[in-house]
Structures are given as C-alpha cells and as structure tokens.
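*Asks:* Please find upload_2.pdb (PDB, C-alpha atoms (C1' of nucleotides)) on the next line:
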ATOM      1  CA  MET A  62      -7.926 -21.221  20.371
ATOM      2  CA  TYR A  63      -5.546 -20.781  17.490
ATOM      3  CA  PHE A  64      -2.643 -23.166  17.144
ATOM      4  CA  TYR A  65      -1.666 -22.300  13.597
ATOM      5  CA  SER A  66       0.938 -19.558  13.405
ATOM      6  CA  MET A  67      -0.168 -15.939  13.512
ATOM      7  CA  LYS A  68       0.296 -13.720  10.485
ATOM      8  CA  LYS A  69       3.643 -12.021  10.762
ATOM      9  CA  SER A  70       3.475  -8.289  11.146
ATOM     10  CA  SER A  71       5.089  -6.706   8.151
ATOM     11  CA  LEU A  72       8.464  -5.603   9.409
ATOM     12  CA  TYR A  73       9.385  -4.625   5.893
ATOM     13  CA  LYS A  74       6.972  -1.701   5.809
ATOM     14  CA  GLY A  75       9.001   1.014   4.138
ATOM     15  CA  CYS A  76      11.577  -1.409   2.737
ATOM     16  CA  LEU A  77       9.563  -2.549  -0.247
ATOM     17  CA  GLU A  78      10.732   0.199  -2.590
ATOM     18  CA  PRO A  79      14.473  -0.383  -2.013
ATOM     19  CA  ILE A  80      13.876  -4.129  -2.333
ATOM     20  CA  LEU A  81      12.328  -3.674  -5.774
ATOM     21  CA  LEU A  82      15.072  -1.278  -6.830
ATOM     22  CA  ARG A  83      17.656  -3.817  -5.785
ATOM     23  CA  LEU A  84      15.969  -6.577  -7.782
ATOM     24  CA  LEU A  85      15.858  -4.395 -10.891
ATOM     25  CA  LYS A  86      19.472  -3.365 -10.396
ATOM     26  CA  ASP A  87      20.568  -7.000 -10.216
ATOM     27  CA  HIS A  88      18.320  -8.498 -12.884
ATOM     28  CA  GLY A  89      17.913  -5.669 -15.330
ATOM     29  CA  ARG A  90      14.380  -6.188 -16.526
ATOM     30  CA  MET A  91      11.565  -7.839 -14.654
ATOM     31  CA  TYR A  92       7.798  -8.056 -14.620
ATOM     32  CA  GLY A  93       5.727  -7.657 -11.496
ATOM     33  CA  TYR A  94       4.688 -11.226 -10.860
ATOM     34  CA  GLN A  95       8.281 -12.314 -11.388
ATOM     35  CA  MET A  96       9.373  -9.944  -8.618
ATOM     36  CA  THR A  97       6.942 -11.477  -6.138
ATOM     37  CA  GLN A  98       8.149 -14.994  -6.963
ATOM     38  CA  MET A  99      11.817 -14.060  -6.841
ATOM     39  CA  VAL A 100      11.510 -12.395  -3.444
ATOM     40  CA  LYS A 101       9.663 -15.423  -2.136
ATOM     41  CA  ASP A 102      12.386 -17.725  -3.499
ATOM     42  CA  ILE A 103      15.365 -15.664  -2.362
ATOM     43  CA  THR A 104      13.995 -15.261   1.157
ATOM     44  CA  LYS A 105      12.894 -18.893   1.347
ATOM     45  CA  GLY A 106       9.268 -17.923   1.719
ATOM     46  CA  GLU A 107       9.926 -15.398   4.480
ATOM     47  CA  LEU A 108       8.923 -12.265   2.572
ATOM     48  CA  THR A 109       5.733 -12.232   0.564
ATOM     49  CA  ILE A 110       4.955  -9.184  -1.548
ATOM     50  CA  THR A 111       1.229  -8.696  -1.975
ATOM     51  CA  GLU A 112      -0.132  -7.480  -5.290
ATOM     52  CA  GLY A 113      -1.949  -4.636  -3.568
ATOM     53  CA  ALA A 114       1.406  -3.306  -2.392
ATOM     54  CA  LEU A 115       3.405  -4.133  -5.505
ATOM     55  CA  TYR A 116       1.468  -2.731  -8.427
ATOM     56  CA  PRO A 117       0.597   0.694  -7.004
ATOM     57  CA  LEU A 118       4.249   1.115  -5.998
ATOM     58  CA  LEU A 119       5.473   0.179  -9.476
ATOM     59  CA  HIS A 120       3.048   2.692 -10.967
ATOM     60  CA  LYS A 121       4.333   5.369  -8.611
ATOM     61  CA  LEU A 122       7.933   4.623  -9.575
ATOM     62  CA  GLU A 123       6.988   4.905 -13.233
ATOM     63  CA  GLU A 124       5.285   8.255 -12.656
ATOM     64  CA  GLN A 125       8.419   9.457 -10.899
ATOM     65  CA  GLY A 126      10.615   8.407 -13.795
ATOM     66  CA  ILE A 127      12.505   5.861 -11.694
ATOM     67  CA  VAL A 128      11.448   2.970 -13.902
ATOM     68  CA  GLU A 129      10.204   2.583 -17.466
ATOM     69  CA  THR A 130       8.003  -0.142 -18.891
ATOM     70  CA  GLU A 131       7.583  -2.344 -21.930
ATOM     71  CA  THR A 132       4.528  -4.520 -22.330
ATOM     72  CA  GLU A 133       5.012  -7.843 -24.038
ATOM     73  CA  MET A 134       2.834 -10.816 -24.726
ATOM     74  CA  ASN A 135       3.848 -14.246 -23.467
ATOM     75  CA  GLY A 136       1.581 -16.556 -25.406
ATOM     76  CA  ASN A 137      -1.788 -14.920 -24.720
ATOM     77  CA  ARG A 138      -0.776 -13.434 -21.388
ATOM     78  CA  MET A 139       0.496  -9.917 -20.882
ATOM     79  CA  ARG A 140       3.712  -9.142 -19.091
ATOM     80  CA  LYS A 141       4.671  -5.612 -18.187
ATOM     81  CA  TYR A 142       8.426  -5.406 -17.921
ATOM     82  CA  TYR A 143      10.034  -2.804 -15.701
ATOM     83  CA  SER A 144      13.586  -1.507 -15.870
ATOM     84  CA  LEU A 145      15.498   1.280 -14.178
ATOM     85  CA  THR A 146      15.911   4.592 -15.972
ATOM     86  CA  LYS A 147      19.143   6.549 -15.712
ATOM     87  CA  ALA A 148      17.599   8.603 -12.908
ATOM     88  CA  GLY A 149      16.391   5.335 -11.403
ATOM     89  CA  LYS A 150      19.901   3.923 -11.276
ATOM     90  CA  LYS A 151      21.106   7.015  -9.467
ATOM     91  CA  GLN A 152      18.187   6.785  -7.068
ATOM     92  CA  THR A 153      18.944   3.104  -6.505
ATOM     93  CA  SER A 154      22.519   3.875  -5.462
ATOM     94  CA  ILE A 155      21.235   6.290  -2.839
ATOM     95  CA  ALA A 156      18.588   3.830  -1.681
ATOM     96  CA  MET A 157      21.197   1.066  -1.324
ATOM     97  CA  GLU A 158      23.421   3.290   0.817
ATOM     98  CA  GLU A 159      20.431   4.033   3.020
ATOM     99  CA  MET A 160      19.603   0.343   3.225
ATOM    100  CA  LYS A 161      23.138  -0.543   4.242
ATOM    101  CA  ALA A 162      23.079   2.100   6.971
ATOM    102  CA  PHE A 163      19.663   0.935   8.103
ATOM    103  CA  MET A 164      20.711  -2.703   8.278
ATOM    104  CA  GLN A 165      23.836  -1.738  10.209
ATOM    105  CA  SER A 166      21.651   0.196  12.641
ATOM    106  CA  LEU A 167      19.421  -2.824  13.154
ATOM    107  CA  GLU A 168      22.541  -4.903  13.828
ATOM    108  CA  TYR A 169      23.717  -2.417  16.442
ATOM    109  CA  ILE A 170      20.380  -2.697  18.221
ATOM    110  CA  VAL A 171      19.638  -6.394  17.887
ATOM    111  CA  ASN A 172      23.240  -7.503  18.262
ATOM    112  CA  PRO A 173      24.902  -4.950  20.569
ATOM    113  CA  LYS A 174      28.280  -6.627  20.800
ATOM    114  CA  ILE A 175      30.527  -3.926  19.476
ATOM    115  CA  ALA A 176      32.106  -1.514  21.942
ATOM    116  CA  LEU A 177      31.561   2.089  20.949
ATOM    117  CA  GLY A 178      33.932   4.990  21.341
TER     118      GLY A 178
ATOM    119  CA  MET B 248      17.709  23.653  -5.795
ATOM    120  CA  TYR B 249      18.423  21.656  -2.689
ATOM    121  CA  PHE B 250      21.974  20.649  -1.970
ATOM    122  CA  TYR B 251      21.546  19.707   1.649
ATOM    123  CA  SER B 252      20.637  16.093   2.125
ATOM    124  CA  MET B 253      17.036  15.043   1.823
ATOM    125  CA  LYS B 254      15.200  13.706   4.812
ATOM    126  CA  LYS B 255      15.731   9.980   4.879
ATOM    127  CA  SER B 256      12.637   7.964   4.385
ATOM    128  CA  SER B 257      12.033   5.922   7.472
ATOM    129  CA  LEU B 258      12.936   2.399   6.531
ATOM    130  CA  TYR B 259      12.299   1.335  10.080
ATOM    131  CA  LYS B 260       8.566   1.750   9.683
ATOM    132  CA  GLY B 261       7.296  -1.488  11.189
ATOM    133  CA  CYS B 262      10.470  -2.210  13.156
ATOM    134  CA  LEU B 263       9.896   0.243  15.972
ATOM    135  CA  GLU B 264       8.083  -2.164  18.258
ATOM    136  CA  PRO B 265      10.769  -4.889  18.145
ATOM    137  CA  ILE B 266      13.428  -2.206  18.592
ATOM    138  CA  LEU B 267      11.784  -0.994  21.802
ATOM    139  CA  LEU B 268      11.293  -4.541  23.049
ATOM    140  CA  ARG B 269      14.957  -5.250  22.448
ATOM    141  CA  LEU B 270      16.014  -2.149  24.371
ATOM    142  CA  LEU B 271      13.856  -3.124  27.322
ATOM    143  CA  LYS B 272      15.129  -6.689  27.205
ATOM    144  CA  ASP B 273      18.733  -5.466  27.330
ATOM    145  CA  HIS B 274      18.367  -2.595  29.797
ATOM    146  CA  GLY B 275      15.568  -3.758  32.044
ATOM    147  CA  ARG B 276      13.842  -0.490  32.844
ATOM    148  CA  MET B 277      13.786   2.645  30.737
ATOM    149  CA  TYR B 278      11.807   5.820  30.275
ATOM    150  CA  GLY B 279      10.643   7.056  26.909
ATOM    151  CA  TYR B 280      13.035   9.904  26.341
ATOM    152  CA  GLN B 281      15.903   7.651  27.328
ATOM    153  CA  MET B 282      14.903   5.204  24.613
ATOM    154  CA  THR B 283      15.027   7.883  21.928
ATOM    155  CA  GLN B 284      18.494   8.983  23.060
ATOM    156  CA  MET B 285      19.851   5.471  23.340
ATOM    157  CA  VAL B 286      18.681   4.516  19.852
ATOM    158  CA  LYS B 287      20.252   7.690  18.492
ATOM    159  CA  ASP B 288      23.523   6.887  20.279
ATOM    160  CA  ILE B 289      23.668   3.203  19.387
ATOM    161  CA  THR B 290      22.940   3.868  15.712
ATOM    162  CA  LYS B 291      25.301   6.865  15.566
ATOM    163  CA  GLY B 292      22.475   9.232  14.738
ATOM    164  CA  GLU B 293      21.091   7.050  11.969
ATOM    165  CA  LEU B 294      17.760   6.155  13.589
ATOM    166  CA  THR B 295      15.681   8.869  15.193
ATOM    167  CA  ILE B 296      12.524   7.893  17.031
ATOM    168  CA  THR B 297       9.940  10.645  16.990
ATOM    169  CA  GLU B 298       7.820  11.288  20.054
ATOM    170  CA  GLY B 299       4.644  10.991  18.020
ATOM    171  CA  ALA B 300       5.601   7.415  17.176
ATOM    172  CA  LEU B 301       7.097   6.489  20.524
ATOM    173  CA  TYR B 302       4.530   7.443  23.126
ATOM    174  CA  PRO B 303       1.393   6.082  21.444
ATOM    175  CA  LEU B 304       3.251   2.803  20.844
ATOM    176  CA  LEU B 305       4.350   2.575  24.484
ATOM    177  CA  HIS B 306       0.764   3.196  25.560
ATOM    178  CA  LYS B 307      -0.440   0.453  23.226
ATOM    179  CA  LEU B 308       2.138  -1.979  24.638
ATOM    180  CA  GLU B 309       0.983  -1.139  28.152
ATOM    181  CA  GLU B 310      -2.655  -1.730  27.228
ATOM    182  CA  GLN B 311      -1.661  -5.086  25.783
ATOM    183  CA  GLY B 312       0.150  -6.062  28.966
ATOM    184  CA  ILE B 313       3.510  -6.278  27.221
ATOM    185  CA  VAL B 314       5.037  -3.592  29.437
ATOM    186  CA  GLU B 315       4.241  -2.131  32.835
ATOM    187  CA  THR B 316       5.045   1.339  34.151
ATOM    188  CA  GLU B 317       6.262   3.168  37.217
ATOM    189  CA  THR B 318       6.235   6.930  37.339
ATOM    190  CA  GLU B 319       9.030   8.612  39.269
ATOM    191  CA  MET B 320      10.133  12.150  39.845
ATOM    192  CA  ASN B 321      13.636  13.186  38.876
ATOM    193  CA  GLY B 322      14.036  16.509  40.628
ATOM    194  CA  ASN B 323      10.893  18.272  39.466
ATOM    195  CA  ARG B 324      10.583  16.341  36.239
ATOM    196  CA  MET B 325       8.486  13.263  35.707
ATOM    197  CA  ARG B 326       9.867  10.075  34.286
ATOM    198  CA  LYS B 327       7.652   7.181  33.317
ATOM    199  CA  TYR B 328       9.654   3.978  33.487
ATOM    200  CA  TYR B 329       8.718   1.026  31.337
ATOM    201  CA  SER B 330       9.670  -2.587  31.852
ATOM    202  CA  LEU B 331       8.684  -5.884  30.268
ATOM    203  CA  THR B 332       6.042  -8.014  31.929
ATOM    204  CA  LYS B 333       6.332 -11.781  31.946
ATOM    205  CA  ALA B 334       4.072 -11.902  28.896
ATOM    206  CA  GLY B 335       6.208  -9.131  27.412
ATOM    207  CA  LYS B 336       9.366 -11.181  27.749
ATOM    208  CA  LYS B 337       7.735 -14.062  25.954
ATOM    209  CA  GLN B 338       6.492 -11.721  23.243
ATOM    210  CA  THR B 339       9.991 -10.239  22.939
ATOM    211  CA  SER B 340      11.498 -13.643  22.261
ATOM    212  CA  ILE B 341       9.066 -14.171  19.404
ATOM    213  CA  ALA B 342       9.691 -10.669  18.070
ATOM    214  CA  MET B 343      13.457 -11.234  18.127
ATOM    215  CA  GLU B 344      13.126 -14.441  16.144
ATOM    216  CA  GLU B 345      11.038 -12.589  13.588
ATOM    217  CA  MET B 346      13.599  -9.781  13.463
ATOM    218  CA  LYS B 347      16.434 -12.224  12.880
ATOM    219  CA  ALA B 348      14.530 -13.855  10.025
ATOM    220  CA  PHE B 349      13.648 -10.475   8.584
ATOM    221  CA  MET B 350      17.251  -9.254   8.712
ATOM    222  CA  GLN B 351      18.423 -12.462   7.093
ATOM    223  CA  SER B 352      15.877 -11.925   4.329
ATOM    224  CA  LEU B 353      17.133  -8.396   3.757
ATOM    225  CA  GLU B 354      20.666  -9.775   3.552
ATOM    226  CA  TYR B 355      19.619 -12.305   0.943
ATOM    227  CA  ILE B 356      18.142  -9.528  -1.173
ATOM    228  CA  VAL B 357      20.704  -6.783  -0.695
ATOM    229  CA  ASN B 358      23.700  -9.100  -0.619
ATOM    230  CA  PRO B 359      22.836 -12.038  -2.871
ATOM    231  CA  LYS B 360      26.154 -13.839  -2.630
ATOM    232  CA  ILE B 361      25.098 -17.162  -1.267
ATOM    233  CA  ALA B 362      24.344 -19.952  -3.708
ATOM    234  CA  LEU B 363      20.987 -21.516  -3.039
ATOM    235  CA  GLY B 364      19.963 -25.119  -3.447
TER     236      GLY B 364
ATOM    237  C1'  DA C 105      17.554  39.321  31.097
ATOM    238  C1'  DT C 106      15.790  36.724  27.621
ATOM    239  C1'  DT C 107      15.886  33.390  24.129
ATOM    240  C1'  DT C 108      17.199  28.865  22.699
ATOM    241  C1'  DT C 109      18.086  24.154  23.561
ATOM    242  C1'  DA C 110      17.440  20.068  26.279
ATOM    243  C1'  DT C 111      14.620  17.241  29.090
ATOM    244  C1'  DA C 112      10.068  14.773  29.589
ATOM    245  C1'  DC C 113       5.615  13.802  28.839
ATOM    246  C1'  DA C 114       1.093  13.749  25.705
ATOM    247  C1'  DT C 115      -2.151  13.872  21.695
ATOM    248  C1'  DA C 116      -4.526  15.318  17.256
ATOM    249  C1'  DA C 117      -4.377  15.697  12.253
ATOM    250  C1'  DT C 118      -2.370  14.012   8.380
ATOM    251  C1'  DT C 119       0.364  11.096   5.346
ATOM    252  C1'  DT C 120       2.597   6.971   4.019
ATOM    253  C1'  DT C 121       2.430   2.332   3.194
ATOM    254  C1'  DC C 122       0.777  -1.580   3.798
ATOM    255  C1'  DT C 123      -3.376  -5.625   3.865
ATOM    256  C1'  DT C 124      -7.545  -7.388   2.306
ATOM    257  C1'  DA C 125     -10.890  -7.840  -0.974
ATOM    258  C1'  DT C 126     -12.346  -7.665  -5.483
ATOM    259  C1'  DG C 127     -12.171  -7.762 -10.470
ATOM    260  C1'  DT C 128     -10.526  -9.326 -15.282
ATOM    261  C1'  DA C 129      -8.404 -12.898 -18.102
ATOM    262  C1'  DT C 130      -5.668 -17.078 -19.732
ATOM    263  C1'  DA C 131      -3.399 -21.702 -18.813
ATOM    264  C1'  DT C 132      -2.638 -25.859 -16.522
ATOM    265  C1'  DA C 133      -3.455 -29.635 -13.263
ATOM    266  C1'  DG C 134      -6.367 -32.644 -10.812
TER     267       DG C 134
ATOM    268  C1'  DC D 282     -15.318 -28.883 -14.203
ATOM    269  C1'  DT D 283     -13.007 -27.054 -10.415
ATOM    270  C1'  DA D 284      -8.902 -25.446  -8.258
ATOM    271  C1'  DT D 285      -4.487 -23.508  -8.740
ATOM    272  C1'  DA D 286      -1.112 -20.784 -11.148
ATOM    273  C1'  DT D 287      -0.054 -16.930 -13.972
ATOM    274  C1'  DA D 288      -0.571 -11.843 -14.746
ATOM    275  C1'  DC D 289      -2.382  -7.573 -14.420
ATOM    276  C1'  DA D 290      -5.297  -3.702 -11.806
ATOM    277  C1'  DT D 291      -7.695  -0.950  -8.204
ATOM    278  C1'  DA D 292     -10.664   0.336  -4.144
ATOM    279  C1'  DA D 293     -11.555   0.213   0.845
ATOM    280  C1'  DG D 294      -9.623  -0.122   5.073
ATOM    281  C1'  DA D 295      -6.002  -0.607   8.657
ATOM    282  C1'  DA D 296      -1.511   0.129  10.530
ATOM    283  C1'  DA D 297       2.161   2.880  11.656
ATOM    284  C1'  DA D 298       4.562   6.419  10.904
ATOM    285  C1'  DT D 299       5.326  12.116  10.467
ATOM    286  C1'  DT D 300       4.273  16.677  11.602
ATOM    287  C1'  DA D 301       2.437  19.917  14.491
ATOM    288  C1'  DT D 302       1.008  21.315  18.756
ATOM    289  C1'  DG D 303       0.622  21.559  23.745
ATOM    290  C1'  DT D 304       2.323  21.503  28.801
ATOM    291  C1'  DA D 305       6.196  22.079  31.974
ATOM    292  C1'  DT D 306      10.997  22.387  34.069
ATOM    293  C1'  DA D 307      16.124  23.145  33.673
ATOM    294  C1'  DA D 308      20.245  24.582  31.671
ATOM    295  C1'  DA D 309      22.942  27.031  28.324
ATOM    296  C1'  DA D 310      23.768  30.702  25.316
ATOM    297  C1'  DT D 311      23.385  35.400  23.701
TER     298       DT D 311
END
Please express what this file holds, its structure, as structure tokens.

*Replies:*
Amino acid sequence: MYFYSMKKSSLYKGCLEPILLRLLKDHGRMYGYQMTQMVKDITKGELTITEGALYPLLHKLEEQGIVETETEMNGNRMRKYYSLTKAGKKQTSIAMEEMKAFMQSLEYIVNPKIALG
Amino acid sequence: MYFYSMKKSSLYKGCLEPILLRLLKDHGRMYGYQMTQMVKDITKGELTITEGALYPLLHKLEEQGIVETETEMNGNRMRKYYSLTKAGKKQTSIAMEEMKAFMQSLEYIVNPKIALG
DNA sequence: ATTTTATACATAATTTTCTTATGTATATAG
DNA sequence: CTATATACATAAGAAAATTATGTATAAAAT
C-alpha cells in the first residue's frame, strides 16, 4: 500500500513551450537551469520542468530561430543563455494569445458560472 | 504563403481526462458525441475534442472503473452513455483539485502580478 | 436524385511531447 | 568522502494526442 502521494500526471503537456516563451519575454535572458528553478519558485513547487523535456525543447526553439544563445562561463561552470529573437517575440505574442484563450476555455469548463448567449 | 490561420497546437494535451470528468460530474450522464459538442459550445469553438482522442480515453476510463456505460438506441442510432462510478466521483474530486492547482500555476506564470513572500 | 454534412460509434498508424535513466563535470555542504 | 546542488546533454520508453480510415443512419443542400 502506498500512502505517499502519487506522481501528478503532467497536465502541462503541450504548455511547456509557451511557458518558456513567457519566461524569456519577462526576463529577457535566461539559462536553462534558471528556468527550471524560476518555474518551481513561481508556482510554489507545483510545476517541475524536467531536464529531459527542457533541453531538447530549447534546442528545437533555437533551430527554429525562435531563440538565440550565448554561452558564458560562471566561474568554471558553463551557462548557456537563451533570449528571444525578433521572430521569437512575434511568435511569443501569438503563443500568449493562444494561452489566454486556452486558460479562458479551462475556466469555462471547470468553473461554468457564466450564462452564455 | 499561408494567410489563413495556422492550426492551433493543442495546449490541452494532458487536460482531456479532467475535462471529461468535469463534464460528467456536472451533467451526470453523457454520450461521447455529446461531450465533443458541449466542449465546443462551452469554449465558443476554442477547444475541439477529436474522436481519436475521445473514444480510446473513454474506454480506458471504463476499464479503470472510473465510468460505467449504458447503450441506448435513439431512433436507429446507438448512443453509449457514460456516467461516473463511485470510485470515479472520488477520482474526479482529486482531478479537480489538481486542475485548480495547475490553473493557478499557469496564472502565476502568464500573469505574474502577485508579489511573493 | 445525389452529394454533402451531421450524428454516432470505433480503431490503427503516426506524431508530439513528455518521463525516466544515464552521462559528463564542477562546487558546496555535511 | 559522500551527498546535494549546479549546469549541461541525450537516448530509450511511455503517454497522449492527431490524422486517417472504417461502419452506419439521418437530414440538408444542390
């Protein structure tokens, strides 16, 4: 029997990309590990981005020209900083509109108070 | 060149199960097609549940004892009605708590107004 | 009349997007 | 000297969709 809490199913499947875009939009220039920590902090530990999801996605965004990178050394440790390109900023605007609509849709379903029509 | 709007990426990947559970919690007894139409209506066309996602998921929920079914004829057309089992209602409560936390997390990220600490 | 759209189910093949596991390497805390 | 934290990367596998296809009836449009 298992009394400790079950692993939460990842509801945020599909939302990771817009989440990262939003972080970069708000904070300008971030490295990967920093993103994982910031999401954990902001969501009070609710959302945890795994490295296996993060890094491949960042590489994809770079390939697509959504983000660009600069590698810097912090002491002896590497940090790869990501920032939005011009195309990336445009893409982020679209993604944020979609997110807003999506979140509104979830509200309609989970909190069906509002009379329609 | 494509001027007509691109297909929206499905942000709700991972949210479909709690969405269905919520519908069944609110409406008691529904058939599959009805669920797709109701979600489309409630979200003003924003969320579209595909049949390839819906039916296998409903079958999985039935296997797991979350929902139970009754098949009825409407004229000459079959309708398979789904409703929550007792275990399903319990599971739905948990899923709704998780959804609330998830939506709050999205708010924190997309709308970072609130001062923390 | 005949084609399209809507209703109503189902499933297989494929793709997307994660998790889990593993690996490298440095720094700090116990 | 061992565990934890920082910081990257990638491969194997699982989960959860999309897309395509199929069956069948009813209604609407051409």

*Asks:* Using all atoms listed in the file, find each residue in chain C having at least one atom no more than 10 Å away from chain B; report its shortest atom-to-atom pair and that distance in Å (one decimal), rows by chain then rising number, as CSV.

*Replies:*
residue,atom,partner,partner_atom,distance
C:DT111,C1',B:Tyr280,CA,8.0
C:DA112,C1',B:Met325,CA,6.5
C:DC113,C1',B:Met325,CA,7.5
C:DA114,C1',B:Tyr302,CA,7.6
C:DT115,C1',B:Gly299,CA,8.2
C:DT120,C1',B:Lys260,CA,9.7
C:DT121,C1',B:Lys260,CA,8.9
C:DC122,C1',B:Gly261,CA,9.9

*Asks:* On this structure, which residues satisfy the PyMOL selection byres ((chain A) within 9 of (chain B)), written as an MDAnalysis selection string?

*Replies:* chainID A and resid 69:76 80 83:84 100 103:105 107:108 157 159:171 173 177

*Asks:* Could the residues of chain D within 9 Å of chain B, counting all atoms listed in the file, be given as a PyMOL selection string, please?

*Replies:* chain D and resi 296-300+305-306

*Asks:* Go through D:DA293, D:DT302, D:DA288, D:DA308 and flag the residue nearest DA110 (chain C), using all atoms listed in the file for the distances.

*Replies:*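 That would be D:DA308, the residue with the smallest distance to DA110 (chain C).
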
*Asks:* Quick one: distance from CA of Lys150 (chain A) to C1' of DA290 (chain D) in Å, one decimal?

*Replies:*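 C1' of DA290 (chain D) lies at a distance of 26.3 Å from CA of Lys150 (chain A).
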
*Asks:* Between CA of Ser144 (chain A) and C1' of DA129 (chain C), what is the spacing in Å?

*Replies:*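 Distance reported for this atom pair: 24.9 Å.
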
*Asks:* Could you jot down the CA of Leu119 (chain A) to CA of Glu158 (chain A) separation for me, Å, one decimal place?

*Replies:*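 Between CA of Leu119 (chain A) and CA of Glu158 (chain A) the gap is 20.9 Å.
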
*Asks:* Could you write out as JSON, numbers by chain the residues that the PyMOL selection byres ((chain C and resi 105) around 12) matches in the shown file?

*Replies:* {"C": [106, 107], "D": [311]}

*Asks:* Pick the closest to Tyr143 (chain A) from A:Ile127, A:Lys86, A:Met91, A:Lys121: which is it, counting all atoms listed in the file?

*Replies:*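 Closest residue, counting all atoms listed in the file: A:Met91.
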
*Asks:* Could you tell me, as number ranges by chain, which residues have any atom at most 9 Å from (-2.6, 13.1, 11.6), counting all atoms listed in the file?

*Replies:* C: 116-119; D: 299-301

*Asks:* Evaluate the PyMOL selection byres ((chain C and resi 127) around 9) here and jot the selected residues down as a compact mmCIF listing (two decimals) with C-alpha atoms (C1' of nucleotides), in the coordinates of the input.

*Replies:*
# COMPACT_ATOMS: atom_id res chain seq x y z
C1' DT C 126 -12.35 -7.66 -5.48
C1' DT C 128 -10.53 -9.33 -15.28
C1' DA D 290 -5.30 -3.70 -11.81
C1' DT D 291 -7.70 -0.95 -8.20

*Asks:* Padding of 3 Å on every side, edges along x, y and z, all listed atoms of region 287-294 of chain D included: what centre and edge lengths in Å, to one decimal, does that box have, as JSON?

*Replies:*
{"center_x": -5.8, "center_y": -8.3, "center_z": -4.8, "size_x": 17.5, "size_y": 23.3, "size_z": 25.8}
